[in-house]
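A.B. asks: I have a structure here, written as structure tokens, and I will follow up with some questions on it.
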Amino acid sequence: ILLILAVGNAMNGGFEQIFNIYNPGVYKTGDIIDTYVYRSAFGDGLSFGVTTAVGLFKAVLNFALLYFANFIVKRLGGEGLV
């Protein structure tokens, strides 16, 4: 179960840590999905539709990874989440 939960947390990059050192000089190397969504929504003034789509894509990808990990654990004879 801990493996499945760790896979579910794999897409999180530590928004708070990145945001604390975030400035225009490190946008190319330090940008993660969360900071891109934050910068696009509140800084650059892109439409909320684009930032919502990026956030939704992250959530769907995270769900797919979680579901796949649960499927593999069940195939190997483990208990799984559901």
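Just remember, in the structure tokens the first chain shown is A, the second B, etc., residues are 1-based per chain, and ligands are 1-based in the order shown.
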Please identify the alpha helix (DSSP H) residues within segment 14-65 of chain A (assignment by DSSP from backbone atoms) and present them as JSON, numbers by chain.
C.D. replies: {"A": [15, 16, 17, 18, 19, 20, 27, 28, 29, 30, 33, 34, 35, 36, 37, 38, 48, 49, 50, 51, 52, 53, 54, 55, 56, 57, 58, 59, 60, 61, 62, 63, 64, 65]}
A.B. asks: With only C-alpha atoms as the counted atoms, please give the residues lying no more than 10 Å from Asn9 of chain A, apart from itself and same-chain residues fewer than 5 positions off, as a list in words.
C.D. replies: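 Contacts, in chain order: Leu3, Ile4, Asn62, Leu65 and Leu66 of chain A.
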A.B. asks: Could you save the residues just selected, with N, CA and C atoms, as a short mmCIF file (atom, residue, chain, number, x, y, z; two decimals), in the first residue's frame?
C.D. replies:
```cif
data_model
loop_
_atom_site.label_atom_id
_atom_site.label_comp_id
_atom_site.auth_asym_id
_atom_site.auth_seq_id
_atom_site.Cartn_x
_atom_site.Cartn_y
_atom_site.Cartn_z
N LEU A 3 3.77 1.59 -1.40
CA LEU A 3 4.28 1.79 -2.76
C LEU A 3 3.25 2.49 -3.63
N ILE A 4 2.01 2.08 -3.54
CA ILE A 4 0.96 2.70 -4.34
C ILE A 4 0.80 4.16 -3.96
N ASN A 62 -1.54 11.68 -12.98
CA ASN A 62 -1.31 11.14 -11.64
C ASN A 62 -2.28 10.01 -11.33
N LEU A 65 -1.17 6.87 -13.25
CA LEU A 65 -0.04 6.22 -12.58
C LEU A 65 -0.50 5.46 -11.34
N LEU A 66 -1.38 6.06 -10.58
CA LEU A 66 -1.90 5.42 -9.38
C LEU A 66 -2.69 4.17 -9.72
#
```
A.B. asks: Residues near segment 34-50 of chain A, anyone? I mean within 12 Å using only C-alpha atoms, not counting same-chain ones fewer than 4 positions away, as a PyMOL selection string.
C.D. replies: chain A and resi 11-24+26-30+54-59
A.B. asks: Using C-alpha atoms, can you write the selected residues to a file as a compact mmCIF listing (two decimals), in the first residue's frame?
C.D. replies:
```txt
# COMPACT_ATOMS: atom_id res chain seq x y z
CA MET A 11 4.03 14.03 -9.64
CA ASN A 12 4.43 16.45 -6.74
CA GLY A 13 7.66 18.38 -6.95
CA GLY A 14 7.52 20.36 -3.74
CA PHE A 15 5.82 23.60 -4.79
CA GLU A 16 6.78 25.46 -1.62
CA GLN A 17 10.49 24.75 -1.94
CA ILE A 18 10.63 25.73 -5.61
CA PHE A 19 8.44 28.81 -5.10
CA ASN A 20 10.71 30.19 -2.38
CA ILE A 21 13.70 30.40 -4.77
CA TYR A 22 11.61 31.20 -7.84
CA ASN A 23 12.52 34.24 -9.92
CA PRO A 24 12.71 35.06 -13.65
CA VAL A 26 15.50 30.35 -13.00
CA TYR A 27 12.27 29.94 -14.99
CA LYS A 28 13.94 27.73 -17.63
CA THR A 29 15.61 25.35 -15.20
CA GLY A 30 13.44 25.53 -12.07
CA VAL A 54 -2.51 21.92 -17.49
CA GLY A 55 -3.62 21.23 -13.91
CA LEU A 56 -6.23 18.75 -15.13
CA PHE A 57 -3.63 17.01 -17.28
CA LYS A 58 -1.40 16.61 -14.22
CA ALA A 59 -4.29 15.18 -12.20
```
A.B. asks: Between A:Leu5, A:Gly80, A:Phe68, A:Ile33, which residue has the minimum interatomic distance to Ala53 of chain A, considering only C-alpha atoms?
C.D. replies: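 Looking at the shortest contact to Ala53 of chain A, the residue is A:Ile33.
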A.B. asks: Have a look at A:Ile32, A:Ala6, A:Ile1, A:Thr52 and name the one nearest to Glu79 of chain A; count only C-alpha atoms.
C.D. replies: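 Going through A:Ile32, A:Ala6, A:Ile1, A:Thr52 one by one, the smallest distance to Glu79 of chain A is for A:Ile1.
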A.B. asks: For the atom pair atom CA of Val82 of chain A and atom CA of Ala10 of chain A, what is the interatomic distance in Å to one decimal place?
C.D. replies: 19.8 Å
A.B. asks: Have a look at atom CA of Gly8 of chain A and atom CA of Gly78 of chain A and let me know their distance in Å, one decimal.
C.D. replies: 17.0 Å
A.B. asks: Suppose you want the space between atom CA of Ala69 of chain A and atom CA of Thr51 of chain A; what is it in Å?
C.D. replies: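 We find that atom CA of Ala69 of chain A and atom CA of Thr51 of chain A lie 27.2 Å from each other.
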